[in-house]
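Heads up, target22.csv below (CSV, C-alpha atoms):
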```csv
chain,number,residue,atom,x,y,z
A,1,MET,CA,-19.0,-9.6,-18.2
A,2,LYS,CA,-22.6,-8.3,-17.8
A,3,SER,CA,-23.4,-6.5,-14.6
A,4,ALA,CA,-26.1,-4.8,-12.7
A,5,VAL,CA,-26.1,-2.2,-9.9
A,6,ILE,CA,-29.0,-2.1,-7.5
A,7,VAL,CA,-30.5,1.3,-6.8
A,8,PHE,CA,-32.2,1.7,-3.4
A,9,PRO,CA,-33.8,4.9,-2.1
A,10,ALA,CA,-30.9,7.1,-0.7
A,11,SER,CA,-28.2,5.1,-2.4
A,12,ASN,CA,-25.3,7.5,-3.0
A,13,CYS,CA,-22.6,5.2,-4.4
A,14,ASP,CA,-24.6,3.5,-7.2
A,15,ARG,CA,-23.1,5.8,-9.9
A,16,ASP,CA,-19.6,5.3,-8.4
A,17,ALA,CA,-20.0,1.6,-8.9
A,18,ALA,CA,-21.5,2.0,-12.4
A,19,THR,CA,-18.7,4.3,-13.5
A,20,ALA,CA,-16.0,1.9,-12.2
A,21,LEU,CA,-17.7,-1.1,-14.0
A,22,LYS,CA,-18.0,0.8,-17.3
A,23,GLN,CA,-14.4,2.0,-17.1
A,24,LEU,CA,-13.0,-1.5,-16.3
A,25,THR,CA,-15.3,-3.7,-18.4
A,26,GLY,CA,-16.2,-1.5,-21.3
A,27,GLN,CA,-19.9,-2.2,-20.8
A,28,THR,CA,-22.5,0.0,-19.1
A,29,PRO,CA,-24.1,-1.9,-16.2
A,30,HIS,CA,-27.9,-2.2,-15.8
A,31,MET,CA,-29.2,0.1,-13.1
A,32,VAL,CA,-31.9,-2.0,-11.4
A,33,TRP,CA,-34.5,-0.3,-9.2
A,34,HIS,CA,-35.1,-2.0,-5.8
A,35,ARG,CA,-38.8,-2.5,-6.5
A,36,ASP,CA,-38.1,-4.6,-9.6
A,37,SER,CA,-38.8,-8.3,-9.1
A,38,GLU,CA,-36.4,-9.6,-11.8
A,39,LEU,CA,-32.8,-9.2,-12.7
A,40,PRO,CA,-31.6,-8.9,-16.3
A,41,GLN,CA,-29.3,-11.7,-17.5
A,42,VAL,CA,-26.1,-10.7,-15.8
A,43,ASP,CA,-22.9,-12.3,-14.3
A,44,LEU,CA,-22.4,-9.8,-11.5
A,45,VAL,CA,-24.8,-7.9,-9.2
A,46,VAL,CA,-23.4,-5.0,-7.1
A,47,LEU,CA,-25.2,-3.7,-4.0
A,48,PRO,CA,-23.6,-0.3,-3.6
A,49,GLY,CA,-22.8,1.9,-0.7
A,50,GLY,CA,-25.0,4.7,0.6
A,51,PHE,CA,-27.7,5.1,3.1
A,52,SER,CA,-30.6,3.0,1.8
A,53,TYR,CA,-33.9,4.1,3.4
A,54,GLY,CA,-31.9,6.7,5.3
A,55,ASP,CA,-30.4,3.9,7.5
A,56,TYR,CA,-33.7,3.8,9.5
A,57,LEU,CA,-34.4,0.8,11.7
A,58,ARG,CA,-31.0,-0.8,11.1
A,59,CYS,CA,-28.6,-0.2,8.3
A,60,GLY,CA,-29.6,-2.4,5.4
A,61,ALA,CA,-32.6,-3.9,7.2
A,62,MET,CA,-35.3,-2.3,5.1
A,63,ALA,CA,-33.4,-2.7,1.8
A,64,SER,CA,-33.0,-6.4,2.6
A,65,GLN,CA,-36.8,-6.7,2.3
A,66,SER,CA,-36.9,-5.1,-1.2
A,67,ALA,CA,-38.5,-7.1,-4.0
A,68,ILE,CA,-35.3,-7.4,-5.9
A,69,MET,CA,-33.6,-9.3,-3.1
A,70,ARG,CA,-35.4,-12.5,-3.9
A,71,ALA,CA,-33.9,-12.4,-7.4
A,72,ILE,CA,-30.5,-11.6,-6.0
A,73,LYS,CA,-30.7,-14.6,-3.7
A,74,ALA,CA,-31.7,-16.8,-6.6
A,75,HIS,CA,-28.8,-15.4,-8.6
A,76,ALA,CA,-26.4,-16.2,-5.8
A,77,ASP,CA,-27.8,-19.7,-5.4
A,78,ARG,CA,-27.1,-20.3,-9.1
A,79,GLY,CA,-23.5,-19.4,-8.6
A,80,GLY,CA,-23.8,-15.8,-9.8
A,81,ALA,CA,-21.4,-13.2,-8.4
A,82,VAL,CA,-22.7,-10.7,-5.8
A,83,LEU,CA,-20.6,-7.8,-4.5
A,84,GLY,CA,-21.9,-5.8,-1.5
A,85,ILE,CA,-19.9,-2.6,-0.7
A,86,CYS,CA,-20.4,-0.7,2.6
A,87,ASN,CA,-24.2,-0.4,2.8
A,88,GLY,CA,-24.4,-3.3,0.4
A,89,PHE,CA,-22.5,-5.5,2.9
A,90,GLN,CA,-25.0,-4.5,5.6
A,91,VAL,CA,-27.8,-5.5,3.2
A,92,LEU,CA,-26.2,-8.9,2.6
A,93,THR,CA,-26.0,-9.6,6.3
A,94,GLU,CA,-29.6,-8.5,6.9
A,95,ALA,CA,-30.7,-10.7,4.0
A,96,HIS,CA,-28.7,-13.6,5.5
A,97,LEU,CA,-26.6,-14.0,2.4
A,98,LEU,CA,-23.6,-13.5,4.7
A,99,PRO,CA,-23.3,-14.2,8.4
A,100,GLY,CA,-22.8,-11.7,11.2
A,101,ALA,CA,-23.9,-8.1,11.5
A,102,LEU,CA,-22.5,-4.6,11.1
A,103,MET,CA,-22.9,-2.5,14.3
A,104,ARG,CA,-22.1,1.1,15.2
A,105,ASN,CA,-18.5,2.0,15.0
A,106,ALA,CA,-16.8,1.4,18.4
A,107,ASN,CA,-16.0,5.1,18.7
A,108,LEU,CA,-19.5,6.0,17.8
A,109,GLN,CA,-18.2,8.4,15.1
A,110,PHE,CA,-18.6,8.4,11.3
A,111,VAL,CA,-15.2,7.5,9.7
A,112,CYS,CA,-14.2,8.7,6.2
A,113,ARG,CA,-10.6,8.2,5.2
A,114,PRO,CA,-8.3,5.9,3.3
A,115,VAL,CA,-7.5,2.7,5.3
A,116,ALA,CA,-4.8,0.1,4.8
A,117,LEU,CA,-6.0,-3.5,4.3
A,118,GLU,CA,-4.3,-6.8,3.9
A,119,VAL,CA,-5.6,-9.4,1.4
A,120,ASN,CA,-6.3,-12.5,3.5
A,121,GLU,CA,-7.7,-14.9,0.9
A,122,THR,CA,-7.0,-15.1,-2.8
A,123,GLN,CA,-9.2,-18.1,-3.7
A,124,SER,CA,-12.2,-16.2,-5.1
A,125,ALA,CA,-13.0,-14.3,-8.2
A,126,PHE,CA,-12.9,-11.1,-6.2
A,127,THR,CA,-9.4,-11.5,-4.8
A,128,ARG,CA,-7.6,-13.8,-7.3
A,129,LYS,CA,-5.5,-11.0,-8.8
A,130,TYR,CA,-4.1,-10.0,-5.5
A,131,GLU,CA,-1.3,-11.8,-3.6
A,132,HIS,CA,-1.9,-13.3,-0.2
A,133,GLY,CA,-0.9,-10.7,2.4
A,134,GLN,CA,-0.7,-7.9,-0.1
A,135,ARG,CA,-1.4,-4.5,1.4
A,136,VAL,CA,-3.8,-2.2,-0.4
A,137,VAL,CA,-5.5,1.1,0.5
A,138,PHE,CA,-9.2,1.5,0.0
A,139,PRO,CA,-11.3,4.4,1.5
A,140,VAL,CA,-14.0,3.9,4.1
A,141,ALA,CA,-17.0,6.0,4.7
A,142,HIS,CA,-19.3,4.6,7.4
A,143,GLY,CA,-20.8,4.9,10.8
A,144,ASP,CA,-21.9,1.3,11.2
A,145,GLY,CA,-19.0,-0.8,10.0
A,146,ASN,CA,-18.2,-2.7,13.1
A,147,TYR,CA,-18.4,-6.4,12.0
A,148,PHE,CA,-19.7,-8.7,14.7
A,149,ALA,CA,-20.3,-12.4,14.8
A,150,ASP,CA,-20.2,-15.0,17.6
A,151,ASP,CA,-16.9,-16.9,18.2
A,152,GLU,CA,-18.2,-20.0,16.5
A,153,THR,CA,-19.0,-18.1,13.3
A,154,LEU,CA,-15.7,-16.2,13.4
A,155,ASN,CA,-13.8,-19.4,13.8
A,156,ARG,CA,-15.7,-21.0,10.9
A,157,LEU,CA,-15.0,-18.0,8.7
A,158,GLU,CA,-11.3,-18.2,9.4
A,159,GLY,CA,-11.1,-22.0,9.3
A,160,GLU,CA,-12.8,-22.0,5.9
A,161,GLY,CA,-10.7,-19.2,4.5
A,162,ARG,CA,-13.7,-16.9,4.1
A,163,VAL,CA,-12.1,-13.8,5.6
A,164,ALA,CA,-11.2,-12.0,2.3
A,165,LEU,CA,-9.8,-8.8,3.7
A,166,ARG,CA,-8.6,-7.5,7.1
A,167,TYR,CA,-7.7,-4.1,8.3
A,168,ALA,CA,-3.9,-3.9,8.5
A,169,PRO,CA,-2.5,-3.8,12.1
A,170,GLY,CA,-3.4,-0.5,13.8
A,171,GLN,CA,-5.7,0.5,10.9
A,172,ASN,CA,-9.1,-0.9,12.2
A,173,PRO,CA,-11.4,2.1,11.9
A,174,ASN,CA,-14.5,0.7,13.5
A,175,GLY,CA,-13.7,-2.0,16.1
A,176,SER,CA,-14.6,-5.0,13.8
A,177,ALA,CA,-14.0,-8.4,15.3
A,178,ARG,CA,-10.6,-9.8,14.4
A,179,ASP,CA,-10.0,-6.8,12.1
A,180,ILE,CA,-12.3,-8.2,9.5
A,181,ALA,CA,-13.0,-5.9,6.6
A,182,GLY,CA,-14.7,-8.3,4.2
A,183,ILE,CA,-16.0,-11.8,4.1
A,184,LEU,CA,-17.1,-14.4,1.5
A,185,ASN,CA,-20.0,-16.8,1.6
A,186,GLN,CA,-19.4,-20.6,1.6
A,187,LYS,CA,-19.6,-20.8,-2.3
A,188,ARG,CA,-17.2,-17.8,-2.5
A,189,ASN,CA,-19.4,-16.1,-5.1
A,190,VAL,CA,-20.7,-13.5,-2.6
A,191,LEU,CA,-18.4,-10.9,-1.1
A,192,GLY,CA,-19.3,-8.2,1.4
A,193,LEU,CA,-16.8,-5.5,2.4
A,194,MET,CA,-17.0,-2.2,4.2
A,195,PRO,CA,-14.2,-0.4,2.3
A,196,HIS,CA,-14.9,1.0,-1.2
A,197,PRO,CA,-12.8,-0.6,-4.0
A,198,GLU,CA,-14.8,1.3,-6.7
A,199,ARG,CA,-13.4,4.6,-5.4
A,200,VAL,CA,-9.8,3.5,-6.1
A,201,VAL,CA,-9.8,2.6,-9.8
A,202,ASP,CA,-8.5,5.9,-11.2
A,203,PRO,CA,-5.3,7.6,-10.3
A,204,LEU,CA,-7.0,11.0,-10.7
A,205,LEU,CA,-9.2,9.9,-7.7
A,206,GLY,CA,-6.2,9.0,-5.5
A,207,GLY,CA,-5.4,5.4,-6.1
A,208,THR,CA,-5.8,2.3,-8.2
A,209,ASP,CA,-5.7,-0.5,-5.6
A,210,GLY,CA,-9.3,-1.5,-6.4
A,211,ILE,CA,-8.7,-2.3,-10.0
A,212,LYS,CA,-7.6,-5.9,-9.4
A,213,LEU,CA,-10.8,-6.8,-7.7
A,214,PHE,CA,-12.8,-5.9,-10.8
A,215,GLN,CA,-10.1,-7.4,-13.1
A,216,GLY,CA,-10.5,-10.7,-11.2
A,217,LEU,CA,-14.2,-10.7,-11.7
A,218,LEU,CA,-13.8,-9.8,-15.4
A,219,GLU,CA,-11.4,-12.6,-16.1
A,220,THR,CA,-13.5,-15.1,-14.2
A,221,LEU,CA,-17.0,-14.2,-15.4
A,222,SER,CA,-16.4,-13.2,-19.0
```
Target format structure tokens, applied to this file:
Amino acid sequence: MKSAVIVFPASNCDRDAATALKQLTGQTPHMVWHRDSELPQVDLVVLPGGFSYGDYLRCGAMASQSAIMRAIKAHADRGGAVLGICNGFQVLTEAHLLPGALMRNANLQFVCRPVALEVNETQSAFTRKYEHGQRVVFPVAHGDGNYFADDETLNRLEGEGRVALRYAPGQNPNGSARDIAGILNQKRNVLGLMPHPERVVDPLLGGTDGIKLFQGLLETLS
């Protein structure tokens, strides 16, 4: 599986994503600068966490206008896999590759801690290695992770099985509507989530619950 990690100004999780991909796939991902207009030939594009453009204007809003986003949209339209983690999820909503928006956390505080999640949908390359209802623990680190969409959109996401991950009961760290932690696009080849699976792929770092996400991609895209 060939992959690329997009690097925006002030990204701080691009190397985390690259390390996880190299560890689990055996291949070093391409590091693609946001001003580039073309992607290399890859199967997976990762938009990492961080604070692109210092989170000015709105989180992800400026990054969504980067030159590379046109190539990412084309990649997704062709069926290529796109994974947006934390700030990457914000970028995907701002670029309209995923519906809804990420607002300020309900308590108006930055949250950084492990959070229990439940796998809500297994019919995607990202979640196929998990079991429906399986509980996993991923860390979160965000101040703007409160997922919002109107009721029509939320009902459509749920009705089409596009809510990939939910915060476990009592674990919602940000006030997200219906405890949503991650969603899929209609083709199921784009996933955005606020928790960080790339930070739980090594027991030395506190957990391995994120491994199956990358294993599912590796098996599907190789």
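In terms of minimum interatomic distance to Leu39 in chain A, A:Ile68 ranks closest within A:Ile68, A:Gln23, A:Val200, A:Pro173, counting only C-alpha atoms.
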Task: Neighbour list for range 115-129 of chain A as a list in words, cut-off 6 Å, all atoms listed in the file, skip fewer than 3 positions in-chain - done: His132, Gly133, Gln134, Arg135, Val136, Val137, Phe138, Pro139, Ala164, Leu165, Arg166, Tyr167, Ala168, Arg188, Lys212, Leu213, Gly216 and Leu217 of chain A
Selection to disk with C-alpha atoms, as a compact mmCIF listing (two decimals), in the frame of the given file:
```txt
# COMPACT_ATOMS: atom_id res chain seq x y z
CA HIS A 132 -1.90 -13.30 -0.20
CA GLY A 133 -0.90 -10.70 2.40
CA GLN A 134 -0.70 -7.90 -0.10
CA ARG A 135 -1.40 -4.50 1.40
CA VAL A 136 -3.80 -2.20 -0.40
CA VAL A 137 -5.50 1.10 0.50
CA PHE A 138 -9.20 1.50 0.00
CA PRO A 139 -11.30 4.40 1.50
CA ALA A 164 -11.20 -12.00 2.30
CA LEU A 165 -9.80 -8.80 3.70
CA ARG A 166 -8.60 -7.50 7.10
CA TYR A 167 -7.70 -4.10 8.30
CA ALA A 168 -3.90 -3.90 8.50
CA ARG A 188 -17.20 -17.80 -2.50
CA LYS A 212 -7.60 -5.90 -9.40
CA LEU A 213 -10.80 -6.80 -7.70
CA GLY A 216 -10.50 -10.70 -11.20
CA LEU A 217 -14.20 -10.70 -11.70
```
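When only C-alpha atoms are used to compute distances to His75 in chain A, the closest of the residues A:Ala106, A:Ala63, A:Leu21, A:Val190 turns out to be A:Val190.
The spacing separating CA of Gly26 in chain A from CA of Pro9 in chain A amounts to 26.8 Å.
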Name the residues in contact with range 50-61 of chain A at a cut-off of 12 Å, using all atoms listed in the file, excluding same-chain residues fewer than 2 positions from it; report them as a PDB file with C-alpha atoms, in the coordinates of the input.
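To be explicit, this is the file written out as part05.pdb:
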```
ATOM      1  CA  ILE A   6     -29.000  -2.100  -7.500  1.00  0.00           C
ATOM      2  CA  VAL A   7     -30.500   1.300  -6.800  1.00  0.00           C
ATOM      3  CA  PHE A   8     -32.200   1.700  -3.400  1.00  0.00           C
ATOM      4  CA  PRO A   9     -33.800   4.900  -2.100  1.00  0.00           C
ATOM      5  CA  ALA A  10     -30.900   7.100  -0.700  1.00  0.00           C
ATOM      6  CA  SER A  11     -28.200   5.100  -2.400  1.00  0.00           C
ATOM      7  CA  ASN A  12     -25.300   7.500  -3.000  1.00  0.00           C
ATOM      8  CA  CYS A  13     -22.600   5.200  -4.400  1.00  0.00           C
ATOM      9  CA  ASP A  14     -24.600   3.500  -7.200  1.00  0.00           C
ATOM     10  CA  ARG A  15     -23.100   5.800  -9.900  1.00  0.00           C
ATOM     11  CA  ASP A  16     -19.600   5.300  -8.400  1.00  0.00           C
ATOM     12  CA  ALA A  17     -20.000   1.600  -8.900  1.00  0.00           C
ATOM     13  CA  HIS A  34     -35.100  -2.000  -5.800  1.00  0.00           C
ATOM     14  CA  LEU A  47     -25.200  -3.700  -4.000  1.00  0.00           C
ATOM     15  CA  PRO A  48     -23.600  -0.300  -3.600  1.00  0.00           C
ATOM     16  CA  ALA A  63     -33.400  -2.700   1.800  1.00  0.00           C
ATOM     17  CA  SER A  64     -33.000  -6.400   2.600  1.00  0.00           C
ATOM     18  CA  GLN A  65     -36.800  -6.700   2.300  1.00  0.00           C
ATOM     19  CA  SER A  66     -36.900  -5.100  -1.200  1.00  0.00           C
ATOM     20  CA  MET A  69     -33.600  -9.300  -3.100  1.00  0.00           C
ATOM     21  CA  GLY A  84     -21.900  -5.800  -1.500  1.00  0.00           C
ATOM     22  CA  ILE A  85     -19.900  -2.600  -0.700  1.00  0.00           C
ATOM     23  CA  CYS A  86     -20.400  -0.700   2.600  1.00  0.00           C
ATOM     24  CA  ASN A  87     -24.200  -0.400   2.800  1.00  0.00           C
ATOM     25  CA  GLY A  88     -24.400  -3.300   0.400  1.00  0.00           C
ATOM     26  CA  PHE A  89     -22.500  -5.500   2.900  1.00  0.00           C
ATOM     27  CA  GLN A  90     -25.000  -4.500   5.600  1.00  0.00           C
ATOM     28  CA  VAL A  91     -27.800  -5.500   3.200  1.00  0.00           C
ATOM     29  CA  LEU A  92     -26.200  -8.900   2.600  1.00  0.00           C
ATOM     30  CA  THR A  93     -26.000  -9.600   6.300  1.00  0.00           C
ATOM     31  CA  GLU A  94     -29.600  -8.500   6.900  1.00  0.00           C
ATOM     32  CA  ALA A  95     -30.700 -10.700   4.000  1.00  0.00           C
ATOM     33  CA  HIS A  96     -28.700 -13.600   5.500  1.00  0.00           C
ATOM     34  CA  ALA A 101     -23.900  -8.100  11.500  1.00  0.00           C
ATOM     35  CA  LEU A 102     -22.500  -4.600  11.100  1.00  0.00           C
ATOM     36  CA  MET A 103     -22.900  -2.500  14.300  1.00  0.00           C
ATOM     37  CA  ARG A 104     -22.100   1.100  15.200  1.00  0.00           C
ATOM     38  CA  VAL A 140     -14.000   3.900   4.100  1.00  0.00           C
ATOM     39  CA  ALA A 141     -17.000   6.000   4.700  1.00  0.00           C
ATOM     40  CA  HIS A 142     -19.300   4.600   7.400  1.00  0.00           C
ATOM     41  CA  GLY A 143     -20.800   4.900  10.800  1.00  0.00           C
ATOM     42  CA  ASP A 144     -21.900   1.300  11.200  1.00  0.00           C
ATOM     43  CA  GLY A 145     -19.000  -0.800  10.000  1.00  0.00           C
ATOM     44  CA  ASN A 146     -18.200  -2.700  13.100  1.00  0.00           C
ATOM     45  CA  MET A 194     -17.000  -2.200   4.200  1.00  0.00           C
ATOM     46  CA  HIS A 196     -14.900   1.000  -1.200  1.00  0.00           C
TER      47      HIS A 196
END
```
- [ ] Kindly give the distance, in Å, that separates CA of Arg35 in chain A and CA of Ile72 in chain A, rounded to a single decimal.
- [x] 12.3 Å
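For the set A:Val5, A:Leu98, A:Val42, A:Asp150, the residue with the smallest atom-to-atom gap to Lys187 in chain A is A:Leu98, counting only C-alpha atoms.
For Ser222 in chain A, the list of residues within 10 Å, based on only C-alpha atoms and with local chain neighbours fewer than 2 positions off taken out, reads Met1, Lys2, Thr25, Asp43, Leu217, Leu218, Glu219 and Thr220 of chain A.
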Please produce an output containing C-alpha atoms for each residue in the selection, written as a CSV table (one decimal), in the coordinates of the input.
```csv
chain,number,residue,atom,x,y,z
A,1,MET,CA,-19.0,-9.6,-18.2
A,2,LYS,CA,-22.6,-8.3,-17.8
A,25,THR,CA,-15.3,-3.7,-18.4
A,43,ASP,CA,-22.9,-12.3,-14.3
A,217,LEU,CA,-14.2,-10.7,-11.7
A,218,LEU,CA,-13.8,-9.8,-15.4
A,219,GLU,CA,-11.4,-12.6,-16.1
A,220,THR,CA,-13.5,-15.1,-14.2
```
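Reported to one decimal place, the separation of CA of His30 in chain A from CA of Arg113 in chain A is 29.1 Å.
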Task: A:Asn189, A:Leu44, A:Trp33, A:Thr28 ranked by distance to Ser3 in chain A, top pick (using only C-alpha atoms) - done: A:Leu44
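Among the candidates A:Val201, A:Ala71, A:Leu97, A:Val111, the one nearest to Phe214 in chain A when counting all atoms listed in the file is A:Val201.
Counting only C-alpha atoms, the residue from A:Ala81, A:Ala74, A:Leu157, A:Ala18 that sits nearest to Gly182 in chain A is A:Leu157.
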Open item on the list: Which residues are near Asp202 in chain A? Cut-off 9 Å, all atoms listed in the file, ignore same chain within fewer than 6 positions. Put them as a PyMOL selection string.
Closed with: chain A and resi 20+208-211
Is there a way to complete range 48-68 of chain A with N, CA and C atoms and then write that out as a PDB file, keeping the file's coordinate frame?
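This went into result.pdb:
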```pdb
ATOM      1  N   PRO A  48     -24.561  -1.365  -3.868  1.00  0.00           N
ATOM      2  CA  PRO A  48     -23.600  -0.300  -3.600  1.00  0.00           C
ATOM      3  C   PRO A  48     -23.695   0.290  -2.213  1.00  0.00           C
ATOM      4  N   GLY A  49     -22.749   1.174  -1.927  1.00  0.00           N
ATOM      5  CA  GLY A  49     -22.800   1.900  -0.700  1.00  0.00           C
ATOM      6  C   GLY A  49     -23.798   3.015  -0.686  1.00  0.00           C
ATOM      7  N   GLY A  50     -24.017   3.580   0.476  1.00  0.00           N
ATOM      8  CA  GLY A  50     -25.000   4.700   0.600  1.00  0.00           C
ATOM      9  C   GLY A  50     -25.732   4.541   1.908  1.00  0.00           C
ATOM     10  N   PHE A  51     -26.917   5.051   1.921  1.00  0.00           N
ATOM     11  CA  PHE A  51     -27.700   5.100   3.100  1.00  0.00           C
ATOM     12  C   PHE A  51     -29.135   4.635   2.793  1.00  0.00           C
ATOM     13  N   SER A  52     -29.278   3.416   2.289  1.00  0.00           N
ATOM     14  CA  SER A  52     -30.600   3.000   1.800  1.00  0.00           C
ATOM     15  C   SER A  52     -31.649   3.168   2.892  1.00  0.00           C
ATOM     16  N   TYR A  53     -32.746   3.768   2.459  1.00  0.00           N
ATOM     17  CA  TYR A  53     -33.900   4.100   3.400  1.00  0.00           C
ATOM     18  C   TYR A  53     -33.413   4.985   4.516  1.00  0.00           C
ATOM     19  N   GLY A  54     -32.364   5.768   4.302  1.00  0.00           N
ATOM     20  CA  GLY A  54     -31.900   6.700   5.300  1.00  0.00           C
ATOM     21  C   GLY A  54     -31.308   5.990   6.540  1.00  0.00           C
ATOM     22  N   ASP A  55     -30.952   4.698   6.412  1.00  0.00           N
ATOM     23  CA  ASP A  55     -30.400   3.900   7.500  1.00  0.00           C
ATOM     24  C   ASP A  55     -31.404   3.828   8.698  1.00  0.00           C
ATOM     25  N   TYR A  56     -32.703   3.984   8.410  1.00  0.00           N
ATOM     26  CA  TYR A  56     -33.700   3.800   9.500  1.00  0.00           C
ATOM     27  C   TYR A  56     -33.801   2.373   9.882  1.00  0.00           C
ATOM     28  N   LEU A  57     -34.287   2.150  11.071  1.00  0.00           N
ATOM     29  CA  LEU A  57     -34.400   0.800  11.700  1.00  0.00           C
ATOM     30  C   LEU A  57     -33.046   0.276  12.006  1.00  0.00           C
ATOM     31  N   ARG A  58     -32.432  -0.403  11.062  1.00  0.00           N
ATOM     32  CA  ARG A  58     -31.000  -0.800  11.100  1.00  0.00           C
ATOM     33  C   ARG A  58     -30.467  -0.648   9.716  1.00  0.00           C
ATOM     34  N   CYS A  59     -29.186  -0.354   9.617  1.00  0.00           N
ATOM     35  CA  CYS A  59     -28.600  -0.200   8.300  1.00  0.00           C
ATOM     36  C   CYS A  59     -28.787  -1.434   7.454  1.00  0.00           C
ATOM     37  N   GLY A  60     -29.429  -1.285   6.309  1.00  0.00           N
ATOM     38  CA  GLY A  60     -29.600  -2.400   5.400  1.00  0.00           C
ATOM     39  C   GLY A  60     -30.855  -3.242   5.679  1.00  0.00           C
ATOM     40  N   ALA A  61     -31.507  -3.051   6.833  1.00  0.00           N
ATOM     41  CA  ALA A  61     -32.600  -3.900   7.200  1.00  0.00           C
ATOM     42  C   ALA A  61     -33.821  -3.743   6.275  1.00  0.00           C
ATOM     43  N   MET A  62     -34.180  -2.499   5.969  1.00  0.00           N
ATOM     44  CA  MET A  62     -35.300  -2.300   5.100  1.00  0.00           C
ATOM     45  C   MET A  62     -35.000  -2.664   3.656  1.00  0.00           C
ATOM     46  N   ALA A  63     -33.781  -2.341   3.208  1.00  0.00           N
ATOM     47  CA  ALA A  63     -33.400  -2.700   1.800  1.00  0.00           C
ATOM     48  C   ALA A  63     -33.394  -4.223   1.649  1.00  0.00           C
ATOM     49  N   SER A  64     -33.080  -4.968   2.710  1.00  0.00           N
ATOM     50  CA  SER A  64     -33.000  -6.400   2.600  1.00  0.00           C
ATOM     51  C   SER A  64     -34.396  -7.040   2.298  1.00  0.00           C
ATOM     52  N   GLN A  65     -35.459  -6.260   2.530  1.00  0.00           N
ATOM     53  CA  GLN A  65     -36.800  -6.700   2.300  1.00  0.00           C
ATOM     54  C   GLN A  65     -37.338  -6.286   0.898  1.00  0.00           C
ATOM     55  N   SER A  66     -36.514  -5.613   0.124  1.00  0.00           N
ATOM     56  CA  SER A  66     -36.900  -5.100  -1.200  1.00  0.00           C
ATOM     57  C   SER A  66     -37.244  -6.304  -2.125  1.00  0.00           C
ATOM     58  N   ALA A  67     -38.128  -6.059  -3.070  1.00  0.00           N
ATOM     59  CA  ALA A  67     -38.500  -7.100  -4.000  1.00  0.00           C
ATOM     60  C   ALA A  67     -37.374  -7.715  -4.753  1.00  0.00           C
ATOM     61  N   ILE A  68     -36.393  -6.895  -5.121  1.00  0.00           N
ATOM     62  CA  ILE A  68     -35.300  -7.400  -5.900  1.00  0.00           C
ATOM     63  C   ILE A  68     -34.408  -8.382  -5.186  1.00  0.00           C
TER      64      ILE A  68
END
```
